[in-house]
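This is data-v2.txt. It holds compact mmCIF, C-alpha atoms.
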```
# COMPACT_ATOMS: atom_id res chain seq x y z
CA MET A 1385 -69.13 -32.25 82.08
CA LYS A 1386 -66.33 -30.01 80.90
CA LYS A 1387 -67.09 -26.37 80.30
CA ILE A 1388 -65.67 -25.62 76.90
CA ASP A 1389 -64.60 -22.33 75.46
CA LEU A 1390 -65.25 -22.66 71.76
CA THR A 1391 -63.91 -19.21 70.89
CA THR A 1392 -60.39 -20.60 71.03
CA HIS A 1393 -61.08 -23.05 68.21
CA VAL A 1394 -58.83 -22.69 65.17
CA LEU A 1395 -61.73 -22.52 62.75
CA ILE A 1396 -63.48 -19.67 64.52
CA PRO A 1397 -62.14 -16.18 63.77
CA LYS A 1398 -62.56 -13.38 66.30
CA HIS A 1399 -66.15 -12.12 66.51
CA SER A 1400 -67.04 -8.86 68.22
CA LYS A 1401 -70.13 -6.71 68.42
CA LEU A 1402 -69.94 -3.21 66.95
CA GLY A 1403 -71.18 -0.29 69.02
CA ASP A 1404 -73.79 2.05 67.56
CA LYS A 1405 -71.23 4.63 66.52
CA ASP A 1406 -68.93 2.11 64.87
CA LYS A 1407 -71.89 0.55 63.16
CA GLU A 1408 -73.00 3.83 61.55
CA GLU A 1409 -69.46 4.60 60.55
CA MET A 1410 -69.00 1.17 58.97
CA LEU A 1411 -72.26 1.34 57.03
CA LYS A 1412 -71.22 4.72 55.69
CA ARG A 1413 -67.71 3.60 54.83
CA TYR A 1414 -68.89 0.67 52.74
CA ASN A 1415 -72.01 2.46 51.52
CA VAL A 1416 -74.36 -0.39 52.42
CA SER A 1417 -77.59 -0.76 54.33
CA LEU A 1418 -78.12 -3.40 57.02
CA LYS A 1419 -80.19 -5.35 54.53
CA GLY A 1420 -77.29 -5.63 52.12
CA LEU A 1421 -74.86 -7.15 54.62
CA PRO A 1422 -74.14 -10.87 54.89
CA LYS A 1423 -76.12 -12.47 57.70
CA ILE A 1424 -75.47 -14.45 60.84
CA LEU A 1425 -78.13 -16.21 62.87
CA VAL A 1426 -78.77 -15.18 66.50
CA SER A 1427 -78.37 -18.82 67.44
CA ASP A 1428 -74.96 -19.07 65.75
CA ALA A 1429 -72.35 -20.76 67.94
CA GLY A 1430 -69.71 -18.16 67.06
CA ILE A 1431 -71.63 -15.31 68.74
CA SER A 1432 -73.20 -17.12 71.67
CA HIS A 1433 -70.87 -15.30 74.09
CA LEU A 1434 -71.74 -11.84 72.72
CA SER A 1435 -75.45 -11.82 73.63
CA ALA A 1436 -76.19 -10.19 70.30
CA ARG A 1437 -79.67 -9.20 69.17
CA PRO A 1438 -81.19 -9.04 65.69
CA GLY A 1439 -80.03 -5.84 63.99
CA ASP A 1440 -76.60 -5.82 65.62
CA VAL A 1441 -73.54 -5.89 63.41
CA ILE A 1442 -70.82 -8.40 64.16
CA GLU A 1443 -67.26 -7.59 63.14
CA ILE A 1444 -65.23 -10.62 62.20
CA VAL A 1445 -61.46 -10.46 61.95
CA ARG A 1446 -60.36 -13.31 59.76
CA ASP A 1447 -56.85 -14.57 59.37
CA SER A 1448 -56.56 -14.41 55.63
CA PRO A 1449 -53.78 -16.18 53.75
CA THR A 1450 -53.83 -13.42 51.14
CA ALA A 1451 -54.34 -10.24 53.15
CA GLY A 1452 -52.98 -11.10 56.59
CA LYS A 1453 -56.00 -9.83 58.44
CA ALA A 1454 -59.36 -9.34 56.78
CA PHE A 1455 -62.35 -7.57 58.25
CA PHE A 1456 -65.79 -8.91 57.55
CA TYR A 1457 -69.20 -7.79 58.77
CA ARG A 1458 -72.38 -9.72 59.31
CA VAL A 1459 -75.74 -8.50 60.50
CA VAL A 1460 -77.52 -10.55 63.14
CA VAL A 1461 -80.85 -11.98 62.00
CA ASP A 1462 -83.32 -14.32 63.63
CA GLU A 1463 -85.24 -17.19 62.01
CA MET B 1450 -40.07 -0.50 64.24
CA ALA B 1451 -40.85 2.28 61.89
CA ASP B 1452 -44.35 3.61 61.62
CA ILE B 1453 -46.33 3.26 58.44
CA PRO B 1454 -47.11 6.64 56.83
CA LYS B 1455 -50.79 7.44 56.83
CA GLU B 1456 -51.30 7.30 53.06
CA PHE B 1457 -50.27 3.62 52.98
CA GLU B 1458 -52.40 2.41 55.86
CA TYR B 1459 -55.04 1.05 53.48
CA LEU B 1460 -52.72 -1.75 52.36
CA PRO B 1461 -53.46 -5.22 53.75
CA GLN B 1462 -51.75 -6.09 57.00
CA GLY B 1463 -49.93 -9.00 55.44
CA VAL B 1464 -48.26 -6.71 52.91
CA LEU B 1465 -47.42 -4.08 55.52
CA SER B 1466 -45.80 -6.48 57.94
CA ARG B 1467 -43.66 -7.96 55.20
CA VAL B 1468 -42.48 -4.55 54.06
CA LYS B 1469 -41.82 -3.56 57.65
CA GLY B 1470 -39.83 -6.70 58.22
CA GLU B 1471 -37.67 -6.45 55.15
CA ALA B 1472 -37.23 -2.82 54.13
CA PRO B 1473 -34.73 -0.57 55.98
CA ALA B 1474 -36.42 2.29 57.86
CA SER B 1475 -34.82 4.98 55.71
CA LYS B 1476 -36.18 3.57 52.49
CA LEU B 1477 -39.58 2.59 53.93
CA LYS B 1478 -41.51 5.31 52.18
CA ALA B 1479 -39.96 4.66 48.78
CA VAL B 1480 -40.53 0.92 49.06
CA LEU B 1481 -44.13 1.41 50.20
CA GLY B 1482 -44.72 3.70 47.24
CA LYS B 1483 -43.60 1.01 44.83
CA VAL B 1484 -45.52 -1.67 46.70
CA SER B 1485 -48.78 0.28 46.76
CA GLU B 1486 -48.44 1.04 43.05
CA GLU B 1487 -48.02 -2.66 42.38
CA PHE B 1488 -50.86 -3.49 44.76
CA ASN B 1489 -53.25 -1.17 42.98
CA ASN B 1490 -52.34 -2.67 39.63
CA MET B 1491 -53.00 -6.17 40.89
CA GLN B 1492 -56.43 -5.45 42.30
CA VAL B 1493 -59.46 -6.84 40.54
CA SER B 1494 -61.07 -4.09 38.54
CA PRO B 1495 -64.70 -3.16 39.13
CA GLY B 1496 -67.00 -5.20 36.92
CA GLU B 1497 -64.66 -8.13 36.60
CA SER B 1498 -66.68 -11.34 36.52
CA VAL B 1499 -64.93 -12.97 39.46
CA GLY B 1500 -67.53 -15.70 39.87
CA LEU B 1501 -67.04 -16.90 36.33
CA VAL B 1502 -63.27 -16.86 36.73
CA ALA B 1503 -63.59 -18.84 39.98
CA ALA B 1504 -65.90 -21.37 38.36
CA GLU B 1505 -63.49 -21.98 35.51
CA SER B 1506 -60.45 -22.01 37.76
CA ILE B 1507 -61.91 -24.73 39.95
CA GLY B 1508 -63.74 -26.51 37.15
CA GLU B 1509 -60.89 -26.99 34.71
CA PRO B 1510 -58.43 -28.72 37.10
CA SER B 1511 -61.20 -30.87 38.49
CA THR B 1512 -61.63 -32.50 35.07
CA GLN B 1513 -58.15 -33.90 35.53
CA MET B 1514 -58.76 -35.42 38.93
CA THR B 1515 -58.86 -39.10 39.53
CA LEU B 1516 -62.10 -40.55 40.71
CA ASN B 1517 -60.46 -42.81 43.25
CA THR B 1518 -61.17 -43.19 46.88
CA PHE B 1519 -58.12 -43.20 49.03
CA HIS B 1520 -57.32 -46.14 51.27
CA PHE B 1521 -55.99 -45.61 54.71
CA ALA B 1522 -52.75 -47.47 55.27
CA GLY B 1523 -53.14 -50.26 57.77
CA VAL B 1524 -56.87 -50.30 58.18
CA ALA B 1525 -58.62 -52.03 55.34
CA GLU B 1526 -62.13 -50.81 55.99
CA MET B 1527 -61.23 -47.14 56.26
CA ASN B 1528 -61.34 -45.44 52.90
CA ILE B 1529 -62.03 -41.82 52.32
CA THR B 1530 -63.83 -40.04 49.52
CA MET B 1531 -61.31 -37.87 47.79
CA GLY B 1532 -60.98 -36.14 44.45
CA LEU B 1533 -63.91 -34.88 42.44
CA PRO B 1534 -66.69 -36.66 44.37
CA ARG B 1535 -65.54 -34.96 47.55
CA ILE B 1536 -65.44 -31.49 45.95
CA ILE B 1537 -68.93 -32.00 44.55
CA GLU B 1538 -70.09 -33.14 47.97
CA VAL B 1539 -68.75 -30.05 49.72
CA LEU B 1540 -69.88 -27.50 47.14
CA ASP B 1541 -73.32 -29.04 46.75
CA GLY B 1542 -73.77 -28.77 50.49
CA ARG B 1543 -74.79 -32.38 50.99
CA LYS B 1544 -76.14 -33.12 54.43
CA ASN B 1545 -75.05 -36.77 54.48
CA ILE B 1546 -71.48 -37.08 53.33
CA THR B 1547 -70.14 -40.47 52.32
CA THR B 1548 -67.19 -40.64 54.68
CA PRO B 1549 -67.62 -38.53 57.81
CA MET B 1550 -64.34 -38.28 59.69
CA MET B 1551 -62.78 -36.51 62.61
CA ASP B 1552 -59.24 -35.61 63.59
CA ILE B 1553 -59.16 -35.63 67.36
CA TYR B 1554 -56.24 -33.81 68.92
CA LEU B 1555 -55.43 -34.54 72.55
CA GLU B 1556 -54.10 -32.54 75.46
CA LYS B 1557 -50.74 -33.36 76.98
CA PRO B 1558 -49.68 -35.92 78.18
CA TYR B 1559 -52.09 -37.99 76.10
CA SER B 1560 -50.83 -36.41 72.90
CA GLN B 1561 -47.44 -37.98 73.62
CA GLY B 1562 -48.89 -41.43 73.41
CA GLN B 1563 -49.99 -42.08 76.99
CA ASP B 1564 -53.03 -44.38 77.10
CA ILE B 1565 -53.65 -43.59 73.45
CA LYS B 1566 -55.14 -46.98 72.64
CA LYS B 1567 -57.33 -46.95 75.71
CA ILE B 1568 -58.71 -43.51 74.89
CA ALA B 1569 -59.31 -44.48 71.28
CA LEU B 1570 -61.24 -47.57 72.30
CA SER B 1571 -63.29 -45.66 74.86
CA ILE B 1572 -64.48 -43.31 72.10
CA LYS B 1573 -65.52 -46.06 69.73
CA GLU B 1574 -69.20 -46.79 69.97
CA THR B 1575 -70.46 -50.23 70.84
CA LEU B 1576 -74.11 -50.96 70.14
CA LEU B 1577 -76.25 -53.36 72.08
CA ARG B 1578 -76.61 -55.62 69.05
CA ASP B 1579 -72.81 -55.99 68.93
CA VAL B 1580 -72.75 -57.73 72.30
CA ALA B 1581 -76.09 -59.51 72.12
CA SER B 1582 -76.15 -63.17 71.21
CA GLU B 1583 -79.92 -63.17 70.97
CA ILE B 1584 -82.73 -60.63 70.91
CA THR B 1585 -86.18 -62.15 71.28
CA ILE B 1586 -89.67 -60.82 71.69
CA ASN B 1587 -91.68 -62.35 74.49
CA LEU B 1588 -95.25 -61.61 73.51
CA ALA B 1589 -96.77 -63.36 76.50
CA ASP B 1590 -95.16 -60.91 78.92
CA SER B 1591 -94.98 -58.18 76.26
CA ARG B 1592 -91.31 -57.56 76.72
CA ILE B 1593 -88.06 -57.93 74.83
CA GLU B 1594 -85.30 -60.17 76.10
CA VAL B 1595 -81.70 -59.53 75.17
CA ILE B 1596 -79.18 -62.22 76.02
CA PRO B 1597 -75.68 -60.75 76.15
CA ASP B 1598 -72.66 -62.67 74.99
CA ASP B 1599 -70.24 -62.96 77.91
CA ALA B 1600 -67.16 -63.30 75.75
CA LYS B 1601 -68.00 -60.15 73.80
CA LEU B 1602 -68.72 -58.24 77.01
CA ALA B 1603 -65.37 -59.24 78.43
CA GLU B 1604 -63.68 -58.05 75.24
CA ILE B 1605 -64.88 -54.50 75.74
CA GLY B 1606 -64.41 -54.73 79.50
CA MET B 1607 -68.03 -54.40 80.60
CA THR B 1608 -70.26 -56.30 82.94
CA LYS B 1609 -73.98 -56.96 82.67
CA PRO B 1610 -74.96 -54.47 85.41
CA GLY B 1611 -72.73 -51.93 83.70
CA VAL B 1612 -74.57 -52.45 80.45
CA VAL B 1613 -77.93 -52.03 82.16
CA SER B 1614 -76.96 -48.80 83.85
CA ALA B 1615 -75.65 -47.45 80.54
CA LEU B 1616 -78.95 -48.32 78.90
CA LYS B 1617 -81.17 -46.76 81.54
CA GLY B 1618 -82.76 -43.53 80.49
CA GLN B 1619 -81.73 -43.83 76.85
CA ILE B 1620 -85.26 -44.54 75.63
CA LYS B 1621 -88.31 -43.00 77.17
CA GLY B 1622 -91.24 -45.02 78.44
CA VAL B 1623 -89.29 -48.25 78.71
CA SER B 1624 -88.10 -49.92 81.89
CA VAL B 1625 -84.84 -51.82 81.77
CA ASP B 1626 -84.12 -54.64 84.23
CA LEU B 1627 -81.41 -57.20 84.63
CA ARG B 1628 -82.86 -60.68 85.04
CA LYS B 1629 -80.99 -63.87 85.67
CA GLU B 1630 -79.96 -64.61 82.10
CA PHE B 1631 -81.19 -61.72 80.04
CA ILE B 1632 -81.84 -58.00 80.04
CA SER B 1633 -85.52 -57.23 79.85
CA PHE B 1634 -87.12 -54.24 78.20
CA ARG B 1635 -90.72 -53.54 79.07
CA LEU B 1636 -92.95 -50.71 77.93
CA LYS B 1637 -94.21 -48.73 80.90
CA LYS B 1638 -97.63 -48.21 79.34
CA LYS B 1639 -99.42 -51.52 79.51
CA GLU B 1640 -101.93 -51.03 76.74
CA GLU B 1641 -99.38 -50.57 73.92
CA GLY B 1642 -99.94 -53.02 71.07
CA VAL B 1643 -97.72 -55.55 69.40
CA ASN B 1644 -96.66 -52.99 66.85
CA ALA B 1645 -95.05 -50.83 69.51
CA ILE B 1646 -93.00 -53.77 70.73
CA PHE B 1647 -91.69 -54.53 67.27
CA LYS B 1648 -90.76 -50.89 66.82
CA MET B 1649 -89.02 -50.94 70.18
CA LYS B 1650 -86.96 -53.94 69.14
CA GLU B 1651 -85.44 -52.01 66.23
CA LYS B 1652 -84.67 -49.10 68.53
CA ILE B 1653 -83.09 -51.34 71.14
CA LYS B 1654 -80.66 -52.85 68.64
CA THR B 1655 -78.95 -49.53 68.04
CA LEU B 1656 -78.67 -48.35 71.63
CA VAL B 1657 -75.17 -47.24 72.53
CA ILE B 1658 -73.75 -49.07 75.53
CA LYS B 1659 -70.24 -47.69 75.36
CA GLY B 1660 -68.37 -44.91 73.60
CA VAL B 1661 -69.59 -41.93 71.64
CA LYS B 1662 -72.58 -42.23 69.35
CA GLY B 1663 -71.68 -42.13 65.68
CA ILE B 1664 -68.01 -43.06 65.96
CA SER B 1665 -67.83 -46.38 64.17
CA GLN B 1666 -64.06 -46.73 63.92
CA VAL B 1667 -61.02 -45.31 65.60
CA LEU B 1668 -57.39 -45.17 64.53
CA PRO B 1669 -54.64 -43.69 66.64
CA VAL B 1670 -51.85 -42.35 64.44
CA LYS B 1671 -48.76 -40.24 64.84
CA ARG B 1672 -48.88 -36.94 63.02
CA GLY B 1673 -45.78 -34.80 63.29
CA ASN B 1674 -44.54 -35.31 66.83
CA GLU B 1675 -47.83 -36.06 68.52
CA PHE B 1676 -50.48 -38.71 68.55
CA ILE B 1677 -53.94 -37.99 67.25
CA ILE B 1678 -57.01 -40.14 66.81
CA ILE B 1679 -58.67 -40.39 63.42
CA THR B 1680 -62.23 -41.63 63.50
CA ALA B 1681 -64.74 -42.81 60.98
CA GLY B 1682 -68.06 -41.23 61.82
CA THR B 1683 -68.40 -37.92 63.59
CA ASN B 1684 -69.87 -36.46 66.74
CA LEU B 1685 -68.06 -33.18 67.23
CA LYS B 1686 -70.27 -31.92 70.03
CA LYS B 1687 -69.78 -34.92 72.30
CA ILE B 1688 -66.08 -35.28 71.54
CA LEU B 1689 -65.32 -31.65 72.37
CA GLN B 1690 -66.81 -32.15 75.81
CA MET B 1691 -64.41 -34.95 76.69
CA PRO B 1692 -61.74 -33.90 79.20
CA MET B 1693 -58.62 -35.06 77.34
CA VAL B 1694 -59.54 -33.57 73.97
CA ASP B 1695 -57.79 -30.47 72.68
CA VAL B 1696 -60.76 -28.18 72.03
CA THR B 1697 -58.86 -25.73 69.86
CA ARG B 1698 -57.81 -28.05 67.05
CA THR B 1699 -60.20 -30.99 66.90
CA VAL B 1700 -62.16 -30.87 63.66
CA SER B 1701 -64.72 -32.85 61.73
CA ASN B 1702 -65.02 -33.00 57.94
CA ASP B 1703 -68.79 -32.60 58.06
CA ILE B 1704 -69.47 -28.98 57.09
CA PHE B 1705 -72.98 -28.95 58.53
CA GLU B 1706 -71.83 -30.34 61.83
CA ILE B 1707 -69.22 -27.61 62.04
CA GLU B 1708 -71.89 -25.02 61.27
CA ALA B 1709 -74.05 -26.35 64.08
CA VAL B 1710 -71.31 -26.64 66.69
CA LEU B 1711 -68.87 -23.86 65.78
CA GLY B 1712 -70.88 -21.40 63.73
CA ILE B 1713 -71.12 -20.11 60.19
CA GLU B 1714 -67.68 -18.48 60.09
CA ALA B 1715 -66.05 -21.76 61.08
CA ALA B 1716 -68.07 -23.50 58.38
CA ARG B 1717 -66.81 -21.02 55.80
CA GLN B 1718 -63.24 -21.76 56.80
CA ALA B 1719 -63.95 -25.49 56.77
CA ILE B 1720 -65.31 -25.33 53.22
CA ILE B 1721 -62.13 -23.59 52.07
CA ASN B 1722 -59.95 -26.10 53.90
CA GLU B 1723 -61.80 -29.15 52.60
CA VAL B 1724 -61.79 -28.04 48.96
CA TYR B 1725 -58.19 -26.90 49.13
CA LYS B 1726 -57.14 -30.17 50.73
CA VAL B 1727 -58.51 -32.16 47.80
CA ILE B 1728 -56.96 -29.90 45.18
CA GLU B 1729 -53.61 -29.96 46.91
CA ASN B 1730 -53.79 -33.71 47.34
CA GLN B 1731 -54.24 -34.19 43.62
CA GLY B 1732 -51.14 -32.12 42.92
CA LEU B 1733 -53.11 -29.34 41.30
CA ASN B 1734 -52.66 -25.63 41.77
CA VAL B 1735 -55.67 -23.38 42.21
CA ASP B 1736 -55.52 -19.95 43.83
CA ILE B 1737 -57.14 -19.97 47.24
CA ARG B 1738 -59.07 -16.78 46.43
CA HIS B 1739 -61.40 -18.77 44.20
CA MET B 1740 -62.30 -21.09 47.05
CA MET B 1741 -62.75 -18.11 49.35
CA LEU B 1742 -65.23 -16.55 46.93
CA VAL B 1743 -67.23 -19.76 46.64
CA ALA B 1744 -67.25 -20.29 50.41
CA ASP B 1745 -68.35 -16.69 51.00
CA THR B 1746 -71.21 -17.15 48.57
CA MET B 1747 -72.31 -20.36 50.24
CA CYS B 1748 -72.26 -18.83 53.73
CA ASN B 1749 -73.67 -15.40 52.84
CA SER B 1750 -77.16 -15.98 54.21
CA GLY B 1751 -76.05 -17.20 57.64
CA VAL B 1752 -76.62 -20.85 56.85
CA ILE B 1753 -74.81 -23.05 54.37
CA ARG B 1754 -76.37 -23.14 50.94
CA GLY B 1755 -74.95 -25.52 48.38
CA ILE B 1756 -74.42 -24.47 44.77
CA THR B 1757 -77.55 -26.27 43.62
CA ARG B 1758 -81.01 -25.38 42.44
CA TYR B 1759 -82.21 -25.70 46.03
CA GLY B 1760 -79.37 -23.61 47.47
CA THR B 1761 -77.67 -20.50 46.15
CA VAL B 1762 -79.41 -20.57 42.79
CA LYS B 1763 -82.81 -20.39 44.47
CA GLU B 1764 -81.77 -17.07 46.01
CA LYS B 1765 -81.34 -15.39 42.65
CA VAL B 1766 -83.74 -12.53 42.03
CA SER B 1767 -84.16 -13.04 38.31
CA VAL B 1768 -86.63 -15.66 37.08
CA LEU B 1769 -84.77 -16.19 33.82
CA ALA B 1770 -81.47 -16.74 35.63
CA ARG B 1771 -83.06 -19.41 37.82
CA ALA B 1772 -84.76 -21.04 34.85
CA SER B 1773 -81.53 -21.19 32.90
CA PHE B 1774 -79.83 -23.34 35.56
CA GLU B 1775 -82.01 -26.40 36.14
CA THR B 1776 -85.71 -27.33 35.89
CA PRO B 1777 -86.64 -24.34 33.68
CA ILE B 1778 -90.32 -25.21 33.20
CA LYS B 1779 -90.97 -25.40 36.91
CA HIS B 1780 -89.40 -21.98 37.53
CA LEU B 1781 -91.22 -20.33 34.65
CA ILE B 1782 -94.59 -21.75 35.66
CA ASP B 1783 -94.10 -20.73 39.31
CA ALA B 1784 -93.03 -17.26 38.27
CA SER B 1785 -96.02 -16.75 36.02
CA LEU B 1786 -98.40 -18.01 38.70
CA HIS B 1787 -96.99 -15.52 41.19
CA GLY B 1788 -96.67 -12.70 38.70
CA GLU B 1789 -92.95 -12.18 39.24
CA THR B 1790 -91.08 -9.36 37.53
CA ASP B 1791 -87.64 -9.75 36.04
CA TYR B 1792 -85.66 -6.53 36.23
CA LEU B 1793 -82.88 -7.80 33.94
CA ASN B 1794 -80.15 -6.66 36.31
CA SER B 1795 -77.85 -9.62 36.02
CA VAL B 1796 -75.86 -11.46 33.39
CA VAL B 1797 -77.74 -14.57 32.29
CA GLU B 1798 -81.07 -12.94 31.56
CA ASN B 1799 -79.37 -10.26 29.45
CA VAL B 1800 -77.55 -12.91 27.43
CA MET B 1801 -80.90 -14.54 26.75
CA ILE B 1802 -82.55 -11.45 25.37
CA ASN B 1803 -79.45 -10.32 23.48
CA GLN B 1804 -78.59 -7.21 25.43
CA PRO B 1805 -75.19 -6.02 26.70
CA VAL B 1806 -74.42 -7.83 29.96
CA PRO B 1807 -73.53 -5.81 33.07
CA VAL B 1808 -69.94 -7.04 33.23
CA GLY B 1809 -66.75 -5.07 32.72
CA THR B 1810 -67.36 -2.19 30.32
CA GLY B 1811 -71.02 -3.16 30.16
CA MET B 1812 -71.42 -2.01 33.77
CA VAL B 1813 -70.88 1.69 33.14
CA LYS B 1814 -73.52 3.96 31.71
CA LEU B 1815 -73.21 7.40 30.27
CA ALA B 1816 -74.65 10.17 32.39
CA MET B 1817 -74.99 13.85 31.68
CA LYS B 1818 -75.49 16.76 34.03
CA GLU B 1819 -78.64 18.64 33.14
CA GLU B 1820 -77.69 22.06 34.38
CA GLN B 1821 -74.62 22.38 32.14
CA LYS B 1822 -76.79 22.73 29.06
CA LYS B 1823 -77.32 26.30 28.00
```

For the structure just supplied, provide its representation as C-alpha cells.
Amino acid sequence: MKKIDLTTHVLIPKHSKLGDKDKEEMLKRYNVSLKGLPKILVSDAGISHLSARPGDVIEIVRDSPTAGKAFFYRVVVDE
Amino acid sequence: MADIPKEFEYLPQGVLSRVKGEAPASKLKAVLGKVSEEFNNMQVSPGESVGLVAAESIGEPSTQMTLNTFHFAGVAEMNITMGLPRIIEVLDGRKNITTPMMDIYLEKPYSQGQDIKKIALSIKETLLRDVASEITINLADSRIEVIPDDAKLAEIGMTKPGVVSALKGQIKGVSVDLRKEFISFRLKKKEEGVNAIFKMKEKIKTLVIKGVKGISQVLPVKRGNEFIIITAGTNLKKILQMPMVDVTRTVSNDIFEIEAVLGIEAARQAIINEVYKVIENQGLNVDIRHMMLVADTMCNSGVIRGITRYGTVKEKVSVLARASFETPIKHLIDASLHGETDYLNSVVENVMINQPVPVGTGMVKLAMKEEQKK
C-alpha cells in the first residue's frame, strides 16, 4: 500500500502548531481566550502529522482569493 | 524589490504584492498611502450585519436558478445535481448527497492517456450479484451456492478462483470455497439458524469482487491537456491510496468524506468551491466573501454543521433565537424544563421584544468616567 502525504493536497492549507510564546502573543493580539477560538478535533486529518494535543493552537495559512494569504487559528479539542 | 515601509505592513499580502509589482520604487510610499486609505474605506465597519448581507446575497440569485439536473455528454445514466438543489444540499450539510462524484487526477504517464481505459475499468466496482447467474440457499447443508456466469466473468477478465480469493476475508465467520460448479458460502458456527443464512444471502449479493467499493460508474475524459477519470460514487480514501493517482488534486464532491479524509480546513475550502461552482455555472455573480463567511460558520466547531435546526442554529445561545427559526414549541418547552436564561445579546430576540438590536449603531453604548465628576 502506498504511503500518502496528504499535506500536499490542494484543499489542505498549511497547518502548523504555535509555540507557547506565539500562542500567548496571538491570544493577546486578537484579544480572545482559548474558549473563543474556532475548534479543530485532535483526530482531524489536517493535523495528524503535528502530534497536537488538546489546548494547542494551530495556525492555518490559507490561500485567500481576496487577501492573498490569510491567517486563521484553531484550538485543538478532543471529543 | 523595494521593501514595504513598516506602517503599511498590515495590508493583506495580495494587495502588497500587486503594489510591489506595479508601482515604481520611488513612488512606492505615495502609492501605498493611497492604497491603504482606500483599503481602510472599503473595510466592513464594526457592527455591520455581515451574516444578513451574505444570506441575501446568496439567497436572491438562487431564486433565479434553474432547477434542472445536468446531463453528462455521452453517458446517459450520469446526471449531476446542479443549481438550487445542490446549494441546499451543501449548506444543509446533508450526509447522503444525491450524486456523489469524484474527479480523479492521474500521475504521468497515465495522465497523458496511457492505459486510461484499463485504469478506469479497474476502479469500477463489480459486485458478486453482477456476475452471478443464480444465488440459491441450500438449507439441507446450510450453505449458500452462487453460480457464476462464465460470459460475465470473461467480460471483466476474472476467473472463478480469482473471484474466490477476492471474496475471502470480506465477511467474518463465513468460509468460502470453490466447488465444481458453484461457490459455496458456509457459516463457520454450526448452530446458526435459518435467519442468519437469509441475512448472509443479502450480504453476499453486495460483496465487491473487483474495483473500489462505492464507485458505480467511471468515465475517462480529457480536461485541458490531460486525461482524468470522473466517477459516479465516491471512495476518496481508497482511491488516494492507489499508486497511479495524483494525491494532490484528486477530489470528491462529498463534503463529509472530505472532512473525514482531509480534515476540517479542506472541508471548508470544499464548501466554498462547491457553492461557487454552482453559482458560476448558472451565470450568476456572487462575491466569494459571502461563501467564505458561510463556510467559516459551518466549520467553526471543528466538524461540519449544516445551516439547519440540528446544525448551526442549535448552537445559538438564545432560546428565543432558536425558537424563531423552526419548531418553536419544542424549543420553548425544552428551555422552560431546563430553566434556561436568555440574556438578549443577539438580534432576533431583541426584535421580538421590541428593543434596539445590537447591529450597527445599536452596538455602541454610552459610557461615562466616574472620576471626572466634581

Return as a VMD selection string the residues belonging to chain B that are within 8 Å of chain A, counting all atoms listed in the file.
chain B and resid 1461 to 1464 1689 to 1692 1696 to 1698 1708 to 1716 1718 to 1719 1738 1749 to 1752

Separation of CA of Leu1793 in chain B from CA of Ser1773 in chain B, in Å and rounded to one decimal:
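So the two atoms, CA of Leu1793 in chain B and CA of Ser1773 in chain B, lie 13.5 Å apart.
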
For range 1724-1730 of chain B, find every residue with an atom within 7 Å (counting only C-alpha atoms), except residues of its own chain fewer than 4 positions away, and show them as number ranges by chain.
B: 1531-1532, 1536, 1720, 1734

Take the residues from that selection and write them out as a compact mmCIF listing (two decimals), in the coordinates of the input, keeping C-alpha atoms.
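Here's the written file part_10.txt:
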```
# COMPACT_ATOMS: atom_id res chain seq x y z
CA MET B 1531 -61.31 -37.87 47.79
CA GLY B 1532 -60.98 -36.14 44.45
CA ILE B 1536 -65.44 -31.49 45.95
CA ILE B 1720 -65.31 -25.33 53.22
CA ASN B 1734 -52.66 -25.63 41.77
```

Could you list, as a list in words, every residue within 7 Å of range 1568-1583 of chain B, counting all atoms listed in the file and ignoring same-chain residues fewer than 6 positions away?
Val1595, Ile1596, Pro1597, Asp1598, Lys1601, Leu1602, Lys1654, Thr1655, Leu1656, Val1657, Ile1658, Lys1659, Gly1660, Val1661, Lys1662, Gly1663, Ile1664, Ser1665, Gln1666, Val1667, Pro1669 and Ile1678 of chain B

Would you mind exporting C-alpha atoms of the selected residues as a short mmCIF file (atom, residue, chain, number, x, y, z; two decimals), in the frame of the given file?
```
data_model
loop_
_atom_site.label_atom_id
_atom_site.label_comp_id
_atom_site.auth_asym_id
_atom_site.auth_seq_id
_atom_site.Cartn_x
_atom_site.Cartn_y
_atom_site.Cartn_z
CA VAL B 1595 -81.70 -59.53 75.17
CA ILE B 1596 -79.18 -62.22 76.02
CA PRO B 1597 -75.68 -60.75 76.15
CA ASP B 1598 -72.66 -62.67 74.99
CA LYS B 1601 -68.00 -60.15 73.80
CA LEU B 1602 -68.72 -58.24 77.01
CA LYS B 1654 -80.66 -52.85 68.64
CA THR B 1655 -78.95 -49.53 68.04
CA LEU B 1656 -78.67 -48.35 71.63
CA VAL B 1657 -75.17 -47.24 72.53
CA ILE B 1658 -73.75 -49.07 75.53
CA LYS B 1659 -70.24 -47.69 75.36
CA GLY B 1660 -68.37 -44.91 73.60
CA VAL B 1661 -69.59 -41.93 71.64
CA LYS B 1662 -72.58 -42.23 69.35
CA GLY B 1663 -71.68 -42.13 65.68
CA ILE B 1664 -68.01 -43.06 65.96
CA SER B 1665 -67.83 -46.38 64.17
CA GLN B 1666 -64.06 -46.73 63.92
CA VAL B 1667 -61.02 -45.31 65.60
CA PRO B 1669 -54.64 -43.69 66.64
CA ILE B 1678 -57.01 -40.14 66.81
#
```

For Leu1533 in chain B, which residue out of B:Leu1742, B:Gly1682, B:Asp1552, B:Ser1511 is the nearest one, using only C-alpha atoms?
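For Leu1533 in chain B, the nearest of the candidates is B:Ser1511.
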
Taking all atoms listed in the file into account, which of B:Leu1685, B:Ile1593, B:Ile1507, B:Cys1748 comes nearest Ile1537 in chain B?
B:Ile1507

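From CA of Leu1627 in chain B back to CA of Lys1652 in chain B, the distance works out to 18.3 Å.
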
Atomic distance CA of Phe1457 in chain B - CA of Tyr1414 in chain A, expressed in Å with one decimal:
18.9 Å

If we draw a sphere of 12 Å around (-44.4, -1.2, 46.8), which residues have at least one atom in it when counting only C-alpha atoms? Please report them as a PyMOL selection string.
chain B and resi 1457+1460+1464-1465+1467-1469+1471-1472+1476-1491

Do a neighbour search on Asp1404 in chain A at 12 Å with all atoms listed in the file, toss out local chain neighbours closer than 2 positions, and write the hits as a PyMOL selection string.
chain A and resi 1401-1402+1406-1411+1439-1442

Gly1760 in chain B environment, 9 Å, all atoms listed in the file, sequence neighbours closer than 5 positions dropped, as a ChimeraX atom specification
/B:1541-1542,1747,1753-1755

Min atom-atom distance to Ser1633 in chain B from the set B:Ile1677, B:Met1607, B:Ile1586, B:Ala1784, counting all atoms listed in the file, belongs to B:Ile1586
